[in-house]
Structures are given as structure tokens and as C-alpha cells.
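Undergrad: Input file: entry08.cif. Contents: mmCIF, C-alpha atoms and all ligand atoms.
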data_my_file
loop_
_atom_site.label_atom_id
_atom_site.label_comp_id
_atom_site.auth_asym_id
_atom_site.auth_seq_id
_atom_site.Cartn_x
_atom_site.Cartn_y
_atom_site.Cartn_z
CA MET K 1036 8.49 6.37 6.25
CA ASP K 1037 10.40 5.41 3.15
CA LEU K 1038 9.37 8.03 0.66
CA PHE K 1039 9.90 11.74 0.10
CA GLN K 1040 9.33 14.66 -2.24
CA ILE K 1041 11.53 17.66 -3.00
CA ASN K 1042 8.89 20.33 -3.48
CA GLN K 1043 5.54 21.19 -1.99
CA GLN K 1044 3.71 21.27 -5.32
CA ASP K 1045 4.21 17.62 -6.20
CA ASP K 1046 2.14 14.88 -4.51
CA ARG K 1047 3.98 12.03 -6.18
CA PRO K 1048 5.99 10.15 -3.60
CA ILE K 1049 9.55 9.16 -4.47
CA GLU K 1050 10.87 5.94 -2.96
CA LEU K 1051 13.57 6.80 -0.43
CA THR K 1052 16.93 5.34 -1.42
CA VAL K 1053 20.36 6.98 -1.29
CA LYS K 1054 20.45 7.07 -5.09
CA ASN K 1055 16.97 8.64 -5.47
CA TYR K 1056 17.65 11.18 -2.74
CA GLU K 1057 20.99 12.27 -4.16
CA TYR K 1058 19.66 12.39 -7.71
CA ASN K 1059 16.56 14.45 -6.88
CA THR K 1060 18.20 16.87 -4.45
CA ARG K 1061 21.44 17.19 -6.46
CA LYS K 1062 23.05 17.21 -3.00
CA THR K 1063 22.31 20.92 -2.69
CA ASN K 1064 20.65 23.45 -0.42
CA PRO K 1065 18.04 23.43 1.12
CA PHE K 1066 18.23 19.64 1.34
CA TYR K 1067 21.82 19.22 2.47
CA VAL K 1068 22.30 21.60 5.39
CA GLU K 1069 25.19 21.86 7.82
CA VAL K 1070 23.96 22.44 11.36
CA ASN K 1071 26.61 22.79 14.09
CA LYS K 1072 29.22 21.05 11.94
CA GLU K 1073 26.88 18.16 11.30
CA MET K 1074 25.15 17.42 8.00
CA LYS K 1075 21.38 17.19 8.07
CA TYR K 1076 19.31 15.92 5.17
CA TYR K 1077 15.87 17.35 4.53
CA ALA K 1078 12.97 16.82 2.14
CA VAL K 1079 9.20 17.36 2.04
CA CYS K 1080 6.41 14.97 3.02
CA PRO K 1081 4.42 14.28 -0.19
CA ALA K 1082 1.14 14.23 1.76
CA CYS K 1083 1.23 17.08 4.32
CA LYS K 1084 4.04 19.16 2.76
CA ASN K 1085 5.80 19.52 6.10
CA PRO K 1086 9.58 19.20 6.25
CA ILE K 1087 10.97 15.73 6.87
CA ILE K 1088 14.47 14.67 7.87
CA ILE K 1089 16.32 11.71 6.39
CA VAL K 1090 17.79 9.43 9.05
CA ASN K 1091 20.67 6.99 8.43
CA LEU K 1092 21.19 8.24 4.88
CA TYR K 1093 24.83 7.22 4.75
CA VAL K 1094 24.92 4.93 7.75
CA ASP K 1095 22.48 2.18 6.91
CA LYS K 1096 24.90 -0.41 8.22
CA THR K 1097 24.92 1.13 11.70
CA LEU K 1098 23.83 -1.30 14.38
CA ASP K 1099 21.77 -0.37 17.42
CA GLU K 1100 22.48 -1.80 20.90
CA ASN K 1101 20.68 -5.02 19.92
CA LYS K 1102 22.83 -5.32 16.77
CA ASN K 1103 19.85 -4.60 14.54
CA LYS K 1104 20.49 -2.83 11.28
CA MET K 1105 19.19 0.74 11.34
CA PRO K 1106 17.79 1.35 7.88
CA ILE K 1107 17.48 4.62 6.04
CA HIS K 1108 14.11 6.27 6.67
CA ALA K 1109 12.44 9.67 6.80
CA LYS K 1110 10.67 11.32 9.74
CA HIS K 1111 8.57 14.45 10.03
CA CYS K 1112 10.34 17.28 11.78
CA LYS K 1113 8.39 19.64 13.98
CA TYR K 1114 10.09 22.82 12.78
CA SER K 1115 10.41 24.86 9.61
CA VAL K 1116 13.35 24.39 7.27
CA THR K 1117 14.55 27.55 5.56
CA ASN K 1118 13.78 27.76 1.83
CA LEU K 1119 12.13 24.34 1.93
CA ALA K 1120 8.96 24.18 4.04
CA GLU K 1121 7.16 25.89 6.87
CA TYR K 1122 6.06 23.56 9.64
CA SER K 1123 2.30 23.25 10.10
CA GLN K 1124 0.99 21.35 13.12
CA GLU K 1125 -2.50 21.27 11.63
CA ALA K 1126 -1.26 19.61 8.43
CA TYR K 1127 0.80 17.13 10.44
CA ASP K 1128 -2.21 16.12 12.56
CA GLU K 1129 -4.06 15.27 9.34
CA CYS K 1130 -1.11 13.58 7.61
CA PRO K 1131 -1.89 9.97 6.56
CA LEU K 1132 1.84 9.16 6.42
CA GLY K 1133 3.19 10.79 9.58
CA ASN K 1134 0.12 10.36 11.70
CA PRO K 1135 -1.80 7.41 10.22
CA SER K 1136 -5.16 6.30 11.55
CA LYS K 1137 -5.41 2.88 13.09
CA PHE K 1138 -7.06 0.33 10.75
CA GLY K 1139 -10.38 -1.08 11.84
CA GLY K 1140 -13.74 0.18 12.88
CA SER K 1141 -15.82 2.26 10.55
CA SER K 1142 -15.38 5.79 11.85
CA LYS K 1143 -15.87 8.23 9.01
CA HIS K 1144 -14.73 11.61 7.79
CA ARG K 1145 -17.11 13.88 5.90
CA SER K 1146 -14.73 15.44 3.39
CA LYS K 1147 -16.20 15.44 -0.12
CA ASN K 1148 -12.74 16.04 -1.60
CA LYS K 1149 -11.27 12.94 0.02
CA ARG K 1150 -14.32 10.93 -0.98
CA ASN K 1151 -14.05 12.04 -4.61
CA GLU K 1152 -10.34 11.30 -4.67
CA ILE K 1153 -10.89 7.69 -3.51
CA VAL K 1154 -13.94 7.08 -5.75
CA THR K 1155 -12.05 8.43 -8.78
CA LEU K 1156 -9.12 6.09 -8.11
CA ILE K 1157 -11.42 3.07 -7.82
CA LYS K 1158 -13.64 3.92 -10.75
CA TYR K 1159 -10.96 4.91 -13.28
CA TYR K 1160 -8.09 2.63 -12.25
CA PRO K 1161 -9.75 -0.65 -11.22
CA VAL K 1162 -7.03 -2.77 -12.82
CA VAL K 1163 -4.36 -1.15 -10.67
CA LEU K 1164 -6.37 -1.89 -7.52
CA TYR K 1165 -7.12 -5.45 -8.67
CA ASN K 1166 -3.43 -6.12 -9.36
CA GLU K 1167 -2.34 -4.59 -6.06
CA ILE K 1168 -4.71 -6.58 -3.85
CA ARG K 1169 -3.61 -9.78 -5.58
CA SER K 1170 0.04 -8.88 -5.19
CA ILE K 1171 -0.34 -7.93 -1.49
CA THR K 1172 -2.18 -11.13 -0.52
CA GLY K 1173 -0.61 -13.56 -2.99
CA ILE K 1174 -4.12 -14.70 -3.97
CA ASP K 1175 -5.37 -14.51 -7.54
CA PHE K 1176 -8.89 -13.39 -6.61
CA SER K 1177 -11.50 -14.13 -9.27
CA GLU K 1178 -13.23 -11.29 -11.08
CA ASN K 1179 -16.45 -12.22 -9.24
CA THR K 1180 -14.70 -11.90 -5.90
CA PHE K 1181 -13.28 -8.52 -6.89
CA SER K 1182 -16.72 -7.42 -8.01
CA SER K 1183 -18.28 -8.35 -4.67
CA MET K 1184 -15.42 -6.60 -2.82
CA ILE K 1185 -16.20 -3.42 -4.77
CA SER K 1186 -19.90 -3.75 -3.81
CA THR K 1187 -18.97 -4.20 -0.15
CA PHE K 1188 -16.75 -1.13 -0.33
CA ILE K 1189 -19.42 1.05 -1.94
CA LYS K 1190 -22.24 -0.22 0.31
CA ALA K 1191 -20.23 0.47 3.46
CA GLU K 1192 -19.11 3.86 2.08
CA GLY K 1193 -15.46 2.82 2.36
CA TYR K 1194 -14.49 6.10 0.67
CA TYR K 1195 -15.54 7.87 3.87
CA TYR K 1196 -13.49 5.61 6.18
CA LYS K 1197 -11.01 7.64 8.20
CA TYR K 1198 -8.18 5.14 7.89
CA ILE K 1199 -8.36 4.77 4.10
CA ASN K 1200 -6.36 7.19 1.95
CA LYS K 1201 -4.88 7.25 -1.54
CA TYR K 1202 -1.54 5.87 -0.33
CA ASN K 1203 -2.84 2.82 1.52
CA LEU K 1204 -6.02 2.26 -0.52
CA PRO K 1205 -5.40 -1.40 -1.52
CA TYR K 1206 -4.63 -2.32 2.12
CA GLY K 1207 -7.59 -0.34 3.50
CA PHE K 1208 -9.81 -1.82 0.80
CA LEU K 1209 -8.78 -5.37 1.79
CA ASN K 1210 -9.00 -4.65 5.51
CA MET K 1211 -12.60 -3.47 5.39
CA GLN K 1212 -13.70 -6.66 3.55
CA LYS K 1213 -13.64 -8.73 6.74
CA SER K 1214 -13.08 -12.27 5.43
CA ILE K 1215 -12.70 -13.14 1.75
CA ARG K 1216 -13.51 -16.64 0.50
CA ILE K 1217 -10.54 -18.13 -1.39
CA TYR K 1218 -11.94 -21.63 -2.08
CA ASN K 1219 -10.80 -22.82 -5.54
CA ASN K 1220 -8.67 -19.70 -6.04
CA LYS K 1221 -5.29 -19.71 -7.71
CA LEU K 1222 -2.23 -18.11 -6.16
CA TYR K 1223 -0.72 -14.91 -7.51
CA TYR K 1224 2.95 -14.01 -7.63
CA SER K 1225 4.22 -12.91 -4.20
CA PRO K 1226 7.56 -13.15 -2.37
CA PHE K 1227 5.96 -15.67 0.02
CA LYS K 1228 4.27 -17.87 -2.59
CA SER K 1229 6.15 -21.10 -1.80
CA GLU K 1230 5.66 -20.52 1.93
CA MET K 1231 1.94 -20.11 1.30
CA ILE K 1232 1.78 -23.33 -0.75
CA ASN K 1233 3.50 -25.23 2.07
CA SER K 1234 1.12 -23.80 4.67
CA ILE K 1235 -1.93 -24.76 2.61
CA ASN K 1236 -0.60 -28.27 2.00
CA ASN K 1237 0.14 -28.65 5.73
CA SER K 1238 -3.37 -27.57 6.70
CA GLU K 1239 -5.93 -30.07 7.94
CA PHE K 1240 -8.53 -29.74 5.17
CA PHE K 1241 -6.92 -28.02 2.17
CA GLN K 1242 -4.22 -28.49 -0.46
CA TYR K 1243 -2.77 -26.58 -3.40
CA LYS K 1244 -3.38 -28.94 -6.28
CA ASN K 1245 -3.53 -28.29 -10.03
CA TYR K 1246 -2.80 -24.62 -9.25
CA LYS K 1247 -5.92 -24.29 -7.08
CA ILE K 1248 -6.78 -24.18 -3.39
CA THR K 1249 -8.98 -27.27 -3.04
CA PRO K 1250 -10.17 -29.46 -0.14
CA LYS K 1251 -8.23 -32.69 0.53
CA LEU K 1252 -11.48 -34.64 0.84
CA LYS K 1253 -14.51 -34.33 -1.41
CA ASP K 1254 -17.20 -34.70 1.29
CA GLY K 1255 -17.96 -31.96 3.78
CA PHE K 1256 -18.56 -28.24 3.92
CA TYR K 1257 -15.02 -26.99 4.07
CA GLU K 1258 -14.33 -23.32 3.87
CA ILE K 1259 -11.14 -21.31 3.51
CA GLU K 1260 -10.92 -17.55 3.95
CA LEU K 1261 -8.40 -14.73 4.02
CA TYR K 1262 -8.45 -11.53 6.04
CA LEU K 1263 -6.15 -8.72 7.16
CA ALA K 1264 -5.64 -7.95 10.84
CA ASN K 1265 -3.30 -6.60 13.48
CA HIS K 1266 -2.42 -3.27 11.87
CA LYS K 1267 0.60 -1.79 13.65
CA ILE K 1268 2.11 1.68 13.51
CA ASP K 1269 5.80 2.12 14.29
CA SER K 1270 6.12 5.79 15.19
CA GLU K 1271 9.93 5.62 15.45
CA TYR K 1272 10.33 4.65 11.79
CA GLU K 1273 6.96 6.07 10.70
CA SER K 1274 6.13 2.74 9.09
CA GLU K 1275 3.14 0.40 9.26
CA THR K 1276 2.62 -3.35 9.07
CA ILE K 1277 -0.38 -5.64 8.78
CA ASP K 1278 -0.92 -9.40 9.00
CA ILE K 1279 -2.29 -11.51 6.15
CA ILE K 1280 -4.15 -14.42 7.69
CA ILE K 1281 -5.72 -17.52 6.12
CA VAL K 1282 -8.09 -19.73 8.12
CA GLU K 1283 -9.87 -22.99 7.26
CA LYS K 1284 -13.24 -23.98 8.70
CA LEU K 1285 -15.34 -27.11 9.13
CA ASN K 1286 -18.44 -27.53 11.33
CA GLY K 1287 -17.58 -24.64 13.59
CA LYS K 1288 -13.91 -25.64 13.89
CA THR K 1289 -11.43 -22.97 12.75
CA ASN K 1290 -7.69 -23.49 12.14
CA GLU K 1291 -5.17 -20.82 11.25
CA VAL K 1292 -3.40 -21.92 8.06
CA PHE K 1293 -1.15 -18.96 7.26
CA ASN K 1294 -0.06 -15.75 8.99
CA LYS K 1295 2.37 -13.30 7.49
CA THR K 1296 3.26 -9.79 8.61
CA VAL K 1297 3.85 -7.46 5.68
CA LYS K 1298 5.05 -3.87 5.56
CA ILE K 1299 2.48 -1.47 4.14
CA ASP K 1300 3.89 -0.03 0.93
CA VAL K 1301 2.51 3.52 0.66
CA GLU K 1302 4.38 4.38 -2.52
CA LYS K 1303 3.70 1.63 -5.07
CA TYR K 1304 -0.05 1.91 -5.60
CA ILE K 1305 -0.32 5.66 -6.15
CA ASN K 1306 2.76 5.68 -8.38
CA THR K 1307 1.33 2.84 -10.48
CA VAL K 1308 -1.88 4.85 -10.90
CA ASP K 1309 0.19 7.81 -11.96
CA LYS K 1310 2.06 5.72 -14.51
CA GLN K 1311 -1.23 4.38 -15.87
CA ARG K 1312 -2.50 7.96 -16.19
CA ARG K 1313 0.59 8.94 -18.19
CA ILE K 1314 0.33 5.89 -20.42
CA ASN K 1315 -3.38 6.54 -21.04
CA GLY K 1316 -2.32 10.03 -22.11
CA ILE K 1317 -0.18 8.57 -24.89
CA THR K 1318 -3.23 7.18 -26.75
CA GLU K 1319 -5.59 10.03 -25.91
CA ALA K 1320 -4.67 11.93 -29.06
CA ILE K 1321 -5.74 9.11 -31.40
CA LYS K 1322 -8.77 10.27 -33.36
CA LEU K 1323 -11.39 7.85 -34.62
CA ASP K 1324 -13.18 10.30 -36.92
CA ASP K 1325 -11.85 8.66 -40.09
CA GLU K 1326 -14.81 6.54 -41.18
CA SER K 1327 -12.82 3.79 -42.87
CA PHE K 1328 -10.66 3.39 -39.76
CA ALA K 1329 -13.61 3.51 -37.36
CA SER K 1330 -15.46 0.79 -39.28
CA LYS K 1331 -12.60 -1.64 -38.76
CA VAL K 1332 -12.76 -1.57 -34.94
ZN ZN M 1 3.25 14.30 6.29
#
Now that the file is in, can you turn its structure into C-alpha cells?
Ligand SMILES: [Zn+2]
TA:
Amino acid sequence: MDLFQINQQDDRPIELTVKNYEYNTRKTNPFYVEVNKEMKYYAVCPACKNPIIIVNLYVDKTLDENKNKMPIHAKHCKYSVTNLAEYSQEAYDECPLGNPSKFGGSSKHRSKNKRNEIVTLIKYYPVVLYNEIRSITGIDFSENTFSSMISTFIKAEGYYYKYINKYNLPYGFLNMQKSIRIYNNKLYYSPFKSEMINSINNSEFFQYKNYKITPKLKDGFYEIELYLANHKIDSEYESETIDIIIVEKLNGKTNEVFNKTVKIDVEKYINTVDKQRRINGITEAIKLDDESFASKV
């Protein structure tokens, strides 16, 4: 995984970079530990509070036997680290970051706490979720589409889905939607926006014209949809990926228009919620009990 925390009390994940790790740990004990004349770098998993070890902290240019770059990442360790964290197998087994559930299906947990956590995030921070799902897919979903996605989620009791947690919520939310109609939608900013425009223009029935996904021909019942599939867990790097797929349809014929594998970012969403919470706190103290002021708004 590519996030960490330095104490067991804080759930907020910190993005794992050399700079963030050095700054937060101050390069001190119990994070920097010499074991048998070799430096080891430890931290805490923000989710399960078990110790994690940082791999390739100062060697991110190292190449493996296939000449692939070996990037910095963190992995759970199955032992306690003195003055940092006791290892708990039970917590590890339940950890959504170290031991994520495979996406798909609708198997459910029955934890009221987890349910309340997810429902609270959706109910009180809908803009963060709306922005995230647009940013992940590159599609500027309409408000109506978002509204029907929320209904689907609530009807299916998505907050009880085993594979959905507060870190991957936007991805889990999109994944459980099955296919989402994107006819006449605009595109949203994404790193693959121009690639997506090319794919749509090269499709059989659709084009990106006047900033909208529209059919090339006026006659016919063309359809274009997006869905997420092929969730993969890389246990070596403790990272996950998922494919964003667009298909077009006409009279029972289906063509794949676009297919992009993206890394699941488990840090951005929950940290954006946290930022929103802090910013909301700034205006909380404003009082509207002055009558003359209240009458103006
Ligand atoms: Zn964990």
C-alpha cells in the first residue's frame, strides 16, 4: 500500500512518500530501527493499527530481474514492533487495506458501526463522493445520474457490502452500479481524457462533439454505458487495480469502446472528506441570531 500513519490513535492516512515519511517520523525511534546492522523503517497501518514496514524507502530506483522499477511501498508485518504497535492477527484479517475483499457479488457484513460510517459519509459529504466518481471515471455524470446511483446504492444496501469501506467507497460505489448510461454526458478532467475522446471518436456509433458523447447518426437506438470490472489485488505491493470500461450497443450488438486499468487510490477520498469536515468547522461558529443579518439571507 502507499499510505501510513505514525500512531494508533489517528485514522487519517498519510500518503507514503520519502518526504512525508521523514517529516512525520522525524527519522527517529521507533520508526527507524537498526536490526542486524540493517536499517528497517516502520509505521502503523491507519486501518488495522498493526505495524507496517516501508520497502524501498531509499532505493526506489532499484530494478528487479526484469528491469522493472521497484517503487516505495508499505507492507503489513506479522510481528510486533517495540514501542510502536503490537501485532494482532484478528485485526489484520479484518483490515481493508492489507487484506481487501474482492470486488463483486453482494455478500454482506452485519456491523452497524460500519454501516453508520458509510451512510454518514454519503449523507453528509455527497459532493466529495460526486467529485470522486467523476474524477475516477473521467465522466461528468449528471445530477440525475448521481441521484439514481444513490438510490441503487441504498436499495441494494451497499453500506452492508463486505468489499466497500471508507477508503475505497467511490470505487465500491461505482462497482456496485453495474452499468451506468453515459449518453449525452460531458467528460470530466482525468489524466486519460484525450485518450478517452479518441476512443469515443473511433467507436462505431459514437463521437465526442460539442463537449458531449453523442451518436454519429441520428436514427437508431444507440446506447453507451460505463462500468467497472476486473478488480485485482496485488498482495506483494498490497495495492489494487480496477478496469474502467465503456461499451456501445445497438440492436443486441455490443462493442468495447474504452478500457483502462486504474490503481485504486485509498487515500484521496477519505482525506478530502476530512478536509471538508475541517473547512465546515471554520464557518460553524457563525451565528445568525442577529435579526437584521438574518433577514438579509
Ligand atoms: Zn492494516
Undergrad: Please indicate the distance in Å from CA of Asn1166 in chain K to CA of Gln1242 in chain K, rounded to one decimal place.
TA: 24.1 Å
Undergrad: Residues of chain K that approach ligand ZN 1 (chain M) to 12 Å or less, counting all atoms listed in the file: could you list each one with the shortest pair of atoms and its distance in Å to one decimal, rows by chain and increasing residue number, as a tab-separated table?
TA:
residue	atom	partner	partner_atom	distance
K:Met1036	CA	M:ZN1	ZN	9.5
K:Asp1037	CA	M:ZN1	ZN	11.8
K:Leu1038	CA	M:ZN1	ZN	10.4
K:Phe1039	CA	M:ZN1	ZN	9.4
K:Gln1040	CA	M:ZN1	ZN	10.5
K:Gln1043	CA	M:ZN1	ZN	11.0
K:Asp1046	CA	M:ZN1	ZN	10.9
K:Pro1048	CA	M:ZN1	ZN	11.1
K:Ala1078	CA	M:ZN1	ZN	10.9
K:Val1079	CA	M:ZN1	ZN	7.9
K:Cys1080	CA	M:ZN1	ZN	4.6
K:Pro1081	CA	M:ZN1	ZN	6.6
K:Ala1082	CA	M:ZN1	ZN	5.0
K:Cys1083	CA	M:ZN1	ZN	4.0
K:Lys1084	CA	M:ZN1	ZN	6.1
K:Asn1085	CA	M:ZN1	ZN	5.8
K:Pro1086	CA	M:ZN1	ZN	8.0
K:Ile1087	CA	M:ZN1	ZN	7.9
K:Ile1088	CA	M:ZN1	ZN	11.3
K:Ala1109	CA	M:ZN1	ZN	10.3
K:Lys1110	CA	M:ZN1	ZN	8.7
K:His1111	CA	M:ZN1	ZN	6.5
K:Cys1112	CA	M:ZN1	ZN	9.4
K:Lys1113	CA	M:ZN1	ZN	10.7
K:Ala1120	CA	M:ZN1	ZN	11.6
K:Tyr1122	CA	M:ZN1	ZN	10.2
K:Ser1123	CA	M:ZN1	ZN	9.8
K:Gln1124	CA	M:ZN1	ZN	10.1
K:Glu1125	CA	M:ZN1	ZN	10.5
K:Ala1126	CA	M:ZN1	ZN	7.3
K:Tyr1127	CA	M:ZN1	ZN	5.6
K:Asp1128	CA	M:ZN1	ZN	8.5
K:Glu1129	CA	M:ZN1	ZN	8.0
K:Cys1130	CA	M:ZN1	ZN	4.6
K:Pro1131	CA	M:ZN1	ZN	6.7
K:Leu1132	CA	M:ZN1	ZN	5.3
K:Gly1133	CA	M:ZN1	ZN	4.8
K:Asn1134	CA	M:ZN1	ZN	7.4
K:Pro1135	CA	M:ZN1	ZN	9.4
K:Tyr1202	CA	M:ZN1	ZN	11.7
K:Glu1273	CA	M:ZN1	ZN	10.0
Undergrad: Can you list every residue of range 1178-1266 of chain K that has an atom at most 12 Å from range 1307-1324 of chain K, with its nearest atom pair and the distance in Å to one decimal, using only C-alpha atoms, ordered by chain then number, as CSV?
TA:
residue,atom,partner,partner_atom,distance
K:Lys1201,CA,K:Val1308,CA,10.1
K:Tyr1202,CA,K:Val1308,CA,10.6
K:Leu1204,CA,K:Val1308,CA,11.5
K:Pro1205,CA,K:Val1308,CA,11.8
Undergrad: Can you work out which one of K:Asn1059, K:Ser1183, K:Asn1064, K:Asn1200 has the shortest atom-to-atom distance to Val1116 in chain K, counting all atoms listed in the file?
TA: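 Of all the options, K:Asn1064 lies closest to Val1116 in chain K.
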Undergrad: With distances taken over only C-alpha atoms, which of K:Leu1285, K:Asp1269, K:Ile1232, K:Ser1182 is nearest to Gly1255 in chain K?
TA: K:Leu1285
Undergrad: Just save range 1245-1257 of chain K with N, CA, C and O atoms, as a compact mmCIF listing (two decimals), in the first residue's frame.
TA:
# COMPACT_ATOMS: atom_id res chain seq x y z
N ASN K 1245 -19.18 18.81 -29.56
CA ASN K 1245 -19.72 19.90 -28.74
C ASN K 1245 -19.68 19.55 -27.25
O ASN K 1245 -20.63 19.78 -26.51
N TYR K 1246 -18.58 18.94 -26.83
CA TYR K 1246 -18.35 18.56 -25.43
C TYR K 1246 -19.37 17.57 -24.90
O TYR K 1246 -19.66 17.54 -23.70
N LYS K 1247 -19.92 16.73 -25.78
CA LYS K 1247 -20.89 15.72 -25.34
C LYS K 1247 -20.67 14.40 -26.07
O LYS K 1247 -20.24 14.39 -27.22
N ILE K 1248 -21.02 13.31 -25.39
CA ILE K 1248 -20.96 11.99 -26.01
C ILE K 1248 -22.27 11.78 -26.76
O ILE K 1248 -23.33 11.60 -26.14
N THR K 1249 -22.22 11.87 -28.09
CA THR K 1249 -23.45 11.79 -28.89
C THR K 1249 -23.29 10.74 -29.99
O THR K 1249 -22.17 10.45 -30.42
N PRO K 1250 -24.41 10.19 -30.49
CA PRO K 1250 -24.31 9.21 -31.58
C PRO K 1250 -23.90 9.88 -32.90
O PRO K 1250 -24.21 11.06 -33.13
N LYS K 1251 -23.18 9.14 -33.73
CA LYS K 1251 -22.74 9.69 -35.03
C LYS K 1251 -23.92 9.87 -35.96
O LYS K 1251 -23.96 10.80 -36.76
N LEU K 1252 -24.90 8.97 -35.87
CA LEU K 1252 -26.09 9.05 -36.71
C LEU K 1252 -27.31 9.33 -35.84
O LEU K 1252 -27.38 8.88 -34.70
N LYS K 1253 -28.26 10.07 -36.40
CA LYS K 1253 -29.44 10.44 -35.61
C LYS K 1253 -30.41 9.26 -35.41
O LYS K 1253 -31.03 9.14 -34.36
N ASP K 1254 -30.55 8.39 -36.45
CA ASP K 1254 -31.55 7.33 -36.36
C ASP K 1254 -30.99 6.08 -35.68
O ASP K 1254 -29.87 5.69 -35.95
N GLY K 1255 -31.82 5.47 -34.85
CA GLY K 1255 -31.41 4.22 -34.21
C GLY K 1255 -31.36 4.33 -32.71
O GLY K 1255 -31.27 5.43 -32.17
N PHE K 1256 -31.43 3.20 -32.06
CA PHE K 1256 -31.45 3.18 -30.60
C PHE K 1256 -30.07 2.84 -30.05
O PHE K 1256 -29.83 1.76 -29.56
N TYR K 1257 -29.17 3.80 -30.20
CA TYR K 1257 -27.81 3.59 -29.74
C TYR K 1257 -27.75 3.78 -28.23
O TYR K 1257 -28.45 4.61 -27.67
